[in-house]
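Here's the structure we're looking at; comments come further down.
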Number of protein chains: 4
Amino acid sequence: MNTWGRNLKLTIWGESHGPGLGAVLEGIGPGFEIDWDAVDRDMARRAPGSDDLATPRKETDSVEILSGIFQGRATGAPICALIRNENARSGDYTPNIPRPGHADYPSYVKYKGHGDYRGGGRFSGRLTAPLVWAGAIAKQVLTKRYSVEITARAALIHGEGGAPAQREAILAAKAGGDSVGGVIECVAAGVPPGAGEPFFGSLESEIAALLFSVPGVKGVEFGDGFPMAAMYGSQANDAMEARNGNIELRSNHNGGILGGISNGQPIVVRAAVKPTPSIAKEQTTVDLKTFQTISHSVKGRHDPCIVPRAVPVAEACVALALLDALMDTDKEAQP
Amino acid sequence: MNTWGRNLKLTIWGESHGPGLGAVLEGIGPGFEIDWDAVDRDMARRAPGSDDLATPRKETDSVEILSGIFQGRATGAPICALIRNENARSGDYTPNIPRPGHADYPSYVKYKGHGDYRGGGRFSGRLTAPLVWAGAIAKQVLTKRYSVEITARAALIHGEGGAPAQREAILAAKAGGDSVGGVIECVAAGVPPGAGEPFFGSLESEIAALLFSVPGVKGVEFGDGFPMAAMYGSQANDAMEARNGNIELRSNHNGGILGGISNGQPIVVRAAVKPTPSIAKEQTTVDLKTFQTISHSVKGRHDPCIVPRAVPVAEACVALALLDALMDTDKEAQP
Amino acid sequence: MNTWGRNLKLTIWGESHGPGLGAVLEGIGPGFEIDWDAVDRDMARRAPGSDDLATPRKETDSVEILSGIFQGRATGAPICALIRNENARSGDYTPNIPRPGHADYPSYVKYKGHGDYRGGGRFSGRLTAPLVWAGAIAKQVLTKRYSVEITARAALIHGEGGAPAQREAILAAKAGGDSVGGVIECVAAGVPPGAGEPFFGSLESEIAALLFSVPGVKGVEFGDGFPMAAMYGSQANDAMEARNGNIELRSNHNGGILGGISNGQPIVVRAAVKPTPSIAKEQTTVDLKTFQTISHSVKGRHDPCIVPRAVPVAEACVALALLDALMDTDKEAQP
Amino acid sequence: MNTWGRNLKLTIWGESHGPGLGAVLEGIGPGFEIDWDAVDRDMARRAPGSDDLATPRKETDSVEILSGIFQGRATGAPICALIRNENARSGDYTPNIPRPGHADYPSYVKYKGHGDYRGGGRFSGRLTAPLVWAGAIAKQVLTKRYSVEITARAALIHGEGGAPAQREAILAAKAGGDSVGGVIECVAAGVPPGAGEPFFGSLESEIAALLFSVPGVKGVEFGDGFPMAAMYGSQANDAMEARNGNIELRSNHNGGILGGISNGQPIVVRAAVKPTPSIAKEQTTVDLKTFQTISHSVKGRHDPCIVPRAVPVAEACVALALLDALMDTDKEAQP
């Protein structure tokens, strides 16, 4: 469903080419003063049209707050944010031709042909805008209340680690009517030990579930991740030592999480983002009206690589999952 | 928390060395006839003590059904299963010495020293027994009602793909007082298109969240997964074609899921399992009583590699997540 | 929290004097065609300012649909509705003087003084507008899909059963600077047997929980309700008989629900609504600034009796709870 | 469904005549020391067979703790409690003859004839035993951590307020092969102001939902309840005054709750319990096999009045709902 969270509650609604999209966020404590400039900065990092690497669709993504804020502070009631769609060009979309690699075909089946297909509708990456909005607020609560800092970066784009090489890979793909993907790495520093739950509420489960809700994410790993599967236990275990009255780990192969619970080390998570499925190159698909196999080139304005714009989205996912887990630590019944 | 699911509800409780552990499973339709022999077979695949690759702790893992079954069929009420602990040797565990790579230290913080530390307590891999039990039932419903078949295998152990090499790797690690990990691949065949939800309820989110609740899982990927991040869009997209009145895909790079929703192809997911943290080799840790850094060798009976026993656990995770999503497809309000 | 439902999900947000208020409704099946005129009619029944019995605050309560509707039909995605506040006169409200009988004081404590106190803020009866909006849609699904019809009426106002006497009671209270309450009776006809759950999901629990979320409701009873507590079993039991191949009940003392599950009889529920706490008469309260006991007369525009306007609200509560329960009956796993 | 709660999680399972029944309770903080004697006392208050007013079925209702307790204290993990059924006499029940006033017929429809009909199965009042067990623990947390005391009593039995008259009414009904009901009043003293949520999580909603999950409850009211609907606002409002630096109310017409939130006054709630539907007197019902209307007398061992045994059940409902709401007050994100 479209509502997430235990202590926080986040509901996301909207479509790419409808009147607008937005979020309802609950759980921000009464009196919390939100730094709206910082929220805007995160929105701008995700917004389209900022440079030649991204889609030319321009959206200011300006957010109207409809509730939950009074005299500049959170009231404790749900905060509703509305982002109007302004620059939609729906004529670019052909409802009966599902784009390979997109949700078009499975959503056509799921919604029995009644979905809003324009611009990917409900499945558009544009739906990550309200996620970034909510995540930006969560990051502020994490910083002010728990001293946790979250930062993500494009660790790899098309296999390249350096910014110039990444830029080149994107421009080359764009020039060829193609697209590229990459890997985002997100680090949460300052997380105290003891957050998270065993089993169903493991920190890995909570973070991964949010990251896998982001369109295009096909893999999530923590710490050393998949390469850890080829290590010996003696290599993968993080030795502990007493230092200045604290327990510290000599390494962080486990990415700050053991048994689903934070261990005091930075939380390190990586998400694999597939190349944008919308490409200008001809592809083979099916015309749902005629039921013929056809060749098709996707029109519309698309990013040759969504990884740069997805970086604040990953931060938002990690921030929301962490804050929800940390809020759990406040409420345990005690003698 | 310890309850999972939307349409199904699964609650898991118990500790490794307490009186017992078990599960409460809701959502199995009235009249459904469970094949208990098939359930037992899955329990046996996960059970300890079956061969020289696994821990010598022997548990029959026999399940007593306490409710929800009448005259051999599900009644529609919650089914409670109880597995008694029989062969616990709690003397092997030292409460004040957290084992590197284990949940001992973060759980000590979380539970303020009140957790049941014996045998890993709540964090023991033994807690996957009720998960396998529930998953075995879910698999039967999937087969009989939705014609979905789920199978998993140890794709890699310590980097090895073949069974003899895998066995050798495990025995070598065991001989050296060490341990190894691996990668489990699970395939769900026959999943109809249209199951899952965009965003928070994406099939990837649901499956990954369950897999990351399994102790030792540090990575999850779908379809081509992490390598997909280095592909071009033209390589990663799965072309569609009309064949015999159906829409079929020419490849399955996306692992059967697009936009969080099944696309009719087999669902393919891989989980990276880290090497068992309990090893005989000396490791550095902290004595919580004296707050001294010490050298420690983990006693007790442990698997040098949990991957073989985790295979039915992965199947259970995928089965539960899929069944929950497929049950959603039955309930949508229609005109 | 502010999100409700299992199969449906309804999130309500907003304050009485903020920019607006609204709802996000999920679970309406793709392709369902909503009769917006019928929705508007229910909104008008609840809207303020319609006659001399209600508050003179006039709000058109016109609803803007922001998502989830495409080409006149539900897409299956969340439907977001926005109602702007237009006729707010916040000057009438004094933040430091909690009105007796209102949430002012407990919400001041809960939100640590940061709540939006204007017009009752989050606690205003105005928040029932989005509830009526969602309920109006639920009623349409109930009618078209399940042949269930829901109607409510003001059974009693200040103890009076007849419309002229009720009107007189309200006008007399108004003239005296006072207010009156009443009892709303709601009947759901055509509910098939078998909807609802034992225990925590009993139909009574679900309906009552929603009704008790409506400001001013202090009692809920089903069938013969409280008087049933003084009957003999032989009087209270509803005898069954076979009639035309159906099982029918000769009476409906239990209000259509047995063991939490519908029994095929009309569901009959009554809600006791207390007199509007906002009255012109002098009352004793505390000035939170000076911490002095003072005498206070509530200004602002208020209903001398909210019962007439609460009738469609009660219908909405019953409709939402019933639809959620009926959707459960569609999804049970079957052999 | 059969799992309840936000901060607490309570799952109840079992049937009247199956192997056993029980509960899984989460959310009790690590280190909390449970007074098991006090739990047993509450279990004994609810247990059958204690005097001539109750069913002669004797069950010791002894509870086995399977998890979540270590060294005499809660570990923070789920606590599973098992109560074995010992004295079941299933021969008394006729599956094809639904008893008037019972869930037999609607549950037959809901579960398609597969329910465990013996002794009412899932719908038996016996299922309140695990509720009392969980409530007894919740009461201890409320007392020790929040200084809240909860007590209930049989305010009325068959309209009688005094104990001897109540006893007489029950014995007279029993002698006549009939049954009587009553009203339970429960008071929670010491509840601080500010607990509960507006709308969907109102204290009234939470408490009523649990009370309506108890078999036989047909009405719930708070404070002055239904009679409040006939008052004037000037009568029903509770005047406030400053006293010794506190804000106190001069009356408690609202039963300690305003706008869904506690106001510092004792919470007062009443539940109407219908007369036991199982009576020896002949009643008219339908034989589901022959589909003939027949006359039937219910055999088996039944209470002529369940109100005395339901008193600790009502306390449990109020305790669980209140503790869940109070735990919310611990977790709000703050600057």
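In the structure tokens, chains take the letters A, B, ... in the order shown, each chain's residues start at 1, and ligands count up from 1 in the order shown.
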(message) Just want the 8 Å neighbourhood of Asp324 (chain B), counted on only C-alpha atoms, with same-chain residues fewer than 4 positions away dropped. Output as number ranges by chain.
(response) B: 5-8, 320, 328
Resulting file, chosen residues, all heavy atoms, as an mmCIF file, in the first residue's frame:
```cif
data_model
loop_
_atom_site.group_PDB
_atom_site.id
_atom_site.type_symbol
_atom_site.label_atom_id
_atom_site.label_comp_id
_atom_site.auth_asym_id
_atom_site.auth_seq_id
_atom_site.Cartn_x
_atom_site.Cartn_y
_atom_site.Cartn_z
ATOM 1 N N GLY B 5 3.072 -9.057 7.788
ATOM 2 C CA GLY B 5 2.094 -9.382 6.764
ATOM 3 C C GLY B 5 0.877 -8.505 6.731
ATOM 4 O O GLY B 5 0.516 -7.867 7.717
ATOM 5 N N ARG B 6 0.263 -8.464 5.573
ATOM 6 C CA ARG B 6 -0.969 -7.697 5.370
ATOM 7 C C ARG B 6 -2.171 -8.623 5.328
ATOM 8 O O ARG B 6 -3.121 -8.469 6.079
ATOM 9 C CB ARG B 6 -0.906 -6.923 4.055
ATOM 10 C CG ARG B 6 -0.019 -5.719 4.076
ATOM 11 C CD ARG B 6 -0.337 -4.828 2.890
ATOM 12 N NE ARG B 6 -0.276 -5.548 1.632
ATOM 13 C CZ ARG B 6 0.773 -5.602 0.824
ATOM 14 N NH1 ARG B 6 1.847 -4.951 1.130
ATOM 15 N NH2 ARG B 6 0.740 -6.295 -0.302
ATOM 16 N N ASN B 7 -2.140 -9.578 4.412
ATOM 17 C CA ASN B 7 -3.255 -10.517 4.262
ATOM 18 C C ASN B 7 -2.991 -11.776 5.065
ATOM 19 O O ASN B 7 -3.881 -12.300 5.732
ATOM 20 C CB ASN B 7 -3.449 -10.845 2.782
ATOM 21 C CG ASN B 7 -3.745 -9.605 1.975
ATOM 22 O OD1 ASN B 7 -4.685 -8.889 2.283
ATOM 23 N ND2 ASN B 7 -2.937 -9.326 0.973
ATOM 24 N N LEU B 8 -1.807 -12.257 4.940
ATOM 25 C CA LEU B 8 -1.306 -13.224 5.903
ATOM 26 C C LEU B 8 -0.827 -12.425 7.107
ATOM 27 O O LEU B 8 -0.450 -11.262 6.971
ATOM 28 C CB LEU B 8 -0.093 -13.967 5.334
ATOM 29 C CG LEU B 8 -0.311 -14.910 4.175
ATOM 30 C CD1 LEU B 8 1.035 -15.382 3.646
ATOM 31 C CD2 LEU B 8 -1.143 -16.113 4.616
ATOM 32 N N LEU B 320 6.172 -16.543 1.386
ATOM 33 C CA LEU B 320 5.284 -15.724 2.225
ATOM 34 C C LEU B 320 5.023 -14.368 1.577
ATOM 35 O O LEU B 320 3.877 -13.909 1.504
ATOM 36 C CB LEU B 320 5.906 -15.556 3.618
ATOM 37 C CG LEU B 320 5.897 -16.833 4.475
ATOM 38 C CD1 LEU B 320 6.888 -16.723 5.629
ATOM 39 C CD2 LEU B 320 4.488 -17.119 5.011
ATOM 40 N N ASP B 328 -3.650 -9.981 -2.278
ATOM 41 C CA ASP B 328 -4.143 -8.622 -2.563
ATOM 42 C C ASP B 328 -4.921 -8.571 -3.878
ATOM 43 O O ASP B 328 -5.850 -7.782 -4.011
ATOM 44 C CB ASP B 328 -2.962 -7.651 -2.683
ATOM 45 C CG ASP B 328 -2.637 -6.963 -1.373
ATOM 46 O OD1 ASP B 328 -3.547 -6.826 -0.547
ATOM 47 O OD2 ASP B 328 -1.485 -6.570 -1.189
#
```
(message) Applying 7 Å and only C-alpha atoms, which residues near Ile12 (chain A) remain after dropping the ones on its own chain fewer than 4 positions away? List them as an NGL selection string.
(response) :A and (2-3 or 22-24 or 130)
Taking N, CA, C and O atoms for each residue, export the selection above as a compact mmCIF listing (two decimals), in the first residue's frame.
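So part.txt came out as:
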```txt
# COMPACT_ATOMS: atom_id res chain seq x y z
N ASN A 2 0.28 2.36 0.12
CA ASN A 2 1.01 3.61 -0.06
C ASN A 2 1.26 4.35 1.25
O ASN A 2 1.56 5.54 1.24
N THR A 3 1.10 3.64 2.35
CA THR A 3 1.43 4.23 3.63
C THR A 3 2.51 3.37 4.27
O THR A 3 2.44 2.15 4.26
N GLY A 22 2.05 14.37 -3.74
CA GLY A 22 2.42 14.87 -2.42
C GLY A 22 2.56 13.79 -1.40
O GLY A 22 2.62 12.59 -1.72
N ALA A 23 2.63 14.23 -0.17
CA ALA A 23 2.86 13.32 0.94
C ALA A 23 2.14 13.82 2.18
O ALA A 23 1.88 15.01 2.32
N VAL A 24 1.79 12.88 3.03
CA VAL A 24 1.31 13.21 4.37
C VAL A 24 2.28 12.54 5.33
O VAL A 24 2.49 11.33 5.26
N PRO A 130 8.03 13.59 -3.27
CA PRO A 130 7.54 13.65 -1.89
C PRO A 130 8.36 12.81 -0.91
O PRO A 130 8.43 13.12 0.28
```
Specify as a PDB file with N, CA, C and O atoms, in the first residue's frame all residues of chain C found within 6 Å of chain A, counting only C-alpha atoms.
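So the final result, stored in out_4.pdb, reads:
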```
ATOM      1  N   TRP C  13      -6.017  14.563   7.104  1.00  0.00           N
ATOM      2  CA  TRP C  13      -5.082  15.593   7.560  1.00  0.00           C
ATOM      3  C   TRP C  13      -5.765  16.949   7.469  1.00  0.00           C
ATOM      4  O   TRP C  13      -6.738  17.126   6.746  1.00  0.00           O
ATOM      5  N   GLY C  14      -5.212  17.893   8.180  1.00  0.00           N
ATOM      6  CA  GLY C  14      -5.711  19.263   8.068  1.00  0.00           C
ATOM      7  C   GLY C  14      -6.182  19.825   9.391  1.00  0.00           C
ATOM      8  O   GLY C  14      -6.333  19.110  10.377  1.00  0.00           O
ATOM      9  N   PRO C  19      -4.489  26.138   5.797  1.00  0.00           N
ATOM     10  CA  PRO C  19      -4.791  26.291   4.369  1.00  0.00           C
ATOM     11  C   PRO C  19      -5.906  25.369   3.880  1.00  0.00           C
ATOM     12  O   PRO C  19      -6.686  25.736   3.015  1.00  0.00           O
ATOM     13  N   GLY C  20      -5.966  24.165   4.438  1.00  0.00           N
ATOM     14  CA  GLY C  20      -7.005  23.260   3.977  1.00  0.00           C
ATOM     15  C   GLY C  20      -6.953  21.957   4.727  1.00  0.00           C
ATOM     16  O   GLY C  20      -6.165  21.778   5.653  1.00  0.00           O
ATOM     17  N   PRO C  30      -9.606  -0.305  -9.524  1.00  0.00           N
ATOM     18  CA  PRO C  30      -9.410   0.366 -10.810  1.00  0.00           C
ATOM     19  C   PRO C  30     -10.639   0.218 -11.701  1.00  0.00           C
ATOM     20  O   PRO C  30     -11.201  -0.871 -11.832  1.00  0.00           O
ATOM     21  N   GLY C  31     -11.053   1.323 -12.286  1.00  0.00           N
ATOM     22  CA  GLY C  31     -12.212   1.308 -13.177  1.00  0.00           C
ATOM     23  C   GLY C  31     -13.501   1.714 -12.504  1.00  0.00           C
ATOM     24  O   GLY C  31     -14.502   1.955 -13.178  1.00  0.00           O
ATOM     25  N   LEU C  66      -6.870  15.466  -6.439  1.00  0.00           N
ATOM     26  CA  LEU C  66      -5.490  15.691  -6.870  1.00  0.00           C
ATOM     27  C   LEU C  66      -4.844  14.463  -7.504  1.00  0.00           C
ATOM     28  O   LEU C  66      -3.806  14.573  -8.143  1.00  0.00           O
ATOM     29  N   SER C  67      -5.431  13.304  -7.307  1.00  0.00           N
ATOM     30  CA  SER C  67      -4.789  12.082  -7.819  1.00  0.00           C
ATOM     31  C   SER C  67      -5.778  10.929  -7.829  1.00  0.00           C
ATOM     32  O   SER C  67      -6.848  11.008  -7.235  1.00  0.00           O
ATOM     33  N   PHE C  70      -8.669   9.062 -13.328  1.00  0.00           N
ATOM     34  CA  PHE C  70      -8.214   9.300 -14.700  1.00  0.00           C
ATOM     35  C   PHE C  70      -9.357   8.940 -15.644  1.00  0.00           C
ATOM     36  O   PHE C  70      -9.956   7.875 -15.499  1.00  0.00           O
ATOM     37  N   THR C  75      -8.260   4.894 -10.714  1.00  0.00           N
ATOM     38  CA  THR C  75      -7.169   4.169 -11.357  1.00  0.00           C
ATOM     39  C   THR C  75      -6.685   2.995 -10.511  1.00  0.00           C
ATOM     40  O   THR C  75      -5.962   2.131 -11.005  1.00  0.00           O
ATOM     41  N   PRO C  78      -3.936   5.800  -4.943  1.00  0.00           N
ATOM     42  CA  PRO C  78      -4.592   6.594  -3.895  1.00  0.00           C
ATOM     43  C   PRO C  78      -5.274   7.838  -4.461  1.00  0.00           C
ATOM     44  O   PRO C  78      -4.712   8.526  -5.310  1.00  0.00           O
ATOM     45  N   TYR C 111       0.298  18.356  22.879  1.00  0.00           N
ATOM     46  CA  TYR C 111       1.138  18.993  21.863  1.00  0.00           C
ATOM     47  C   TYR C 111       2.033  20.075  22.455  1.00  0.00           C
ATOM     48  O   TYR C 111       2.614  20.857  21.721  1.00  0.00           O
ATOM     49  N   HIS C 114       2.037  23.576  21.161  1.00  0.00           N
ATOM     50  CA  HIS C 114       2.365  23.877  19.775  1.00  0.00           C
ATOM     51  C   HIS C 114       1.218  23.582  18.798  1.00  0.00           C
ATOM     52  O   HIS C 114       1.377  23.731  17.589  1.00  0.00           O
ATOM     53  N   GLY C 115       0.100  23.082  19.303  1.00  0.00           N
ATOM     54  CA  GLY C 115      -1.018  22.770  18.419  1.00  0.00           C
ATOM     55  C   GLY C 115      -1.587  24.015  17.765  1.00  0.00           C
ATOM     56  O   GLY C 115      -1.423  25.130  18.272  1.00  0.00           O
ATOM     57  N   ASP C 116      -2.257  23.822  16.640  1.00  0.00           N
ATOM     58  CA  ASP C 116      -2.953  24.932  15.984  1.00  0.00           C
ATOM     59  C   ASP C 116      -4.317  25.050  16.662  1.00  0.00           C
ATOM     60  O   ASP C 116      -5.226  24.276  16.394  1.00  0.00           O
TER      61      ASP C 116
END
```
(request) Once DSSP has gone over the backbone, tell me which residues of region 30-165 of chain D are in helix (DSSP H, G or I), as a ChimeraX atom specification. (result) /D:36-46,90-92,104-110,118-123,125-146,163-165
May I have the selected residues written with C-alpha atoms, as a tab-separated table (two decimals), in the first residue's frame?
```tsv
chain	number	residue	atom	x	y	z
D	36	TRP	CA	2.93	-13.82	38.35
D	37	ASP	CA	0.79	-14.22	41.45
D	38	ALA	CA	-1.15	-11.12	40.48
D	39	VAL	CA	-1.57	-12.53	36.99
D	40	ASP	CA	-2.87	-15.77	38.46
D	41	ARG	CA	-5.35	-13.89	40.61
D	42	ASP	CA	-6.83	-12.21	37.55
D	43	MET	CA	-6.92	-15.53	35.72
D	44	ALA	CA	-8.78	-17.02	38.69
D	45	ARG	CA	-11.34	-14.20	38.67
D	46	ARG	CA	-12.18	-15.12	35.06
D	90	SER	CA	-17.19	-31.85	22.86
D	91	GLY	CA	-20.00	-34.36	22.69
D	92	ASP	CA	-22.35	-31.65	23.92
D	104	ASP	CA	-22.64	-20.41	15.03
D	105	TYR	CA	-24.56	-19.41	11.93
D	106	PRO	CA	-22.49	-16.42	10.71
D	107	SER	CA	-19.26	-18.30	11.41
D	108	TYR	CA	-20.60	-21.30	9.51
D	109	VAL	CA	-21.04	-19.00	6.51
D	110	LYS	CA	-17.73	-17.20	6.99
D	118	ARG	CA	-16.89	-27.50	19.39
D	119	GLY	CA	-17.67	-25.31	22.35
D	120	GLY	CA	-18.03	-22.29	20.13
D	121	GLY	CA	-14.48	-22.84	18.86
D	122	ARG	CA	-12.85	-19.54	18.09
D	123	PHE	CA	-15.90	-17.64	19.34
D	125	GLY	CA	-15.73	-16.78	25.79
D	126	ARG	CA	-12.80	-18.98	26.72
D	127	LEU	CA	-10.73	-16.88	24.32
D	128	THR	CA	-10.89	-14.10	26.87
D	129	ALA	CA	-8.49	-16.06	29.09
D	130	PRO	CA	-5.37	-14.98	27.14
D	131	LEU	CA	-6.81	-11.46	27.03
D	132	VAL	CA	-7.00	-11.41	30.83
D	133	TRP	CA	-3.46	-12.77	31.01
D	134	ALA	CA	-2.13	-9.97	28.80
D	135	GLY	CA	-4.25	-7.39	30.57
D	136	ALA	CA	-2.93	-8.45	33.94
D	137	ILE	CA	0.61	-7.74	32.75
D	138	ALA	CA	-0.47	-4.42	31.22
D	139	LYS	CA	-2.02	-3.41	34.53
D	140	GLN	CA	1.29	-4.00	36.29
D	141	VAL	CA	3.16	-1.83	33.80
D	142	LEU	CA	0.50	0.85	34.17
D	143	THR	CA	0.82	0.79	37.94
D	144	LYS	CA	4.59	0.70	38.20
D	145	ARG	CA	5.44	3.00	35.34
D	146	TYR	CA	2.49	5.38	35.04
D	163	ALA	CA	-24.61	-7.85	45.04
D	164	PRO	CA	-27.35	-9.89	46.78
D	165	ALA	CA	-29.96	-8.78	44.22
```
(request) Mind listing the strand (DSSP E) residues of region 177-320 of chain D, per DSSP on the backbone, as a VMD selection string? (result) chain D and resid 182 to 189 217 to 222 240 to 243 246 to 249 257 to 258 261 to 262 267 to 273 283 to 287 292 to 296
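Of the listed residues B:Ile306, B:Ala229, B:Val183, B:Ile150, the one whose atoms come nearest to Ser124 (chain B) is B:Ile306, with distances taken using only C-alpha atoms.
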(request) Name the closest residue to Glu315 (chain D) among the candidates D:Ser205, D:Ser62, D:Thr151, D:Gln283; distances are taken between atoms, counting only C-alpha atoms. (result) D:Thr151
(request) Please provide as a list in words all residues within 7 Å of Gly219 (chain D), with the sequence filter that same-chain residues fewer than 4 positions apart are discarded (counting only C-alpha atoms). (result) Val220, Glu221, Phe222, Gly225 and Phe226 of chain C; Ala271 and Ala272 of chain D
Would you mind exporting C-alpha atoms of the selected residues as an mmCIF file, in the first residue's frame?
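Output (out02.cif):
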```cif
data_model
loop_
_atom_site.group_PDB
_atom_site.id
_atom_site.type_symbol
_atom_site.label_atom_id
_atom_site.label_comp_id
_atom_site.auth_asym_id
_atom_site.auth_seq_id
_atom_site.Cartn_x
_atom_site.Cartn_y
_atom_site.Cartn_z
ATOM 1 C CA VAL C 220 -22.164 3.369 20.715
ATOM 2 C CA GLU C 221 -24.559 0.445 20.874
ATOM 3 C CA PHE C 222 -25.712 -2.274 18.493
ATOM 4 C CA GLY C 225 -27.752 -2.144 23.010
ATOM 5 C CA PHE C 226 -27.753 -1.093 26.643
ATOM 6 C CA ALA D 271 -19.950 -1.966 28.644
ATOM 7 C CA ALA D 272 -23.367 -3.548 28.145
#
```
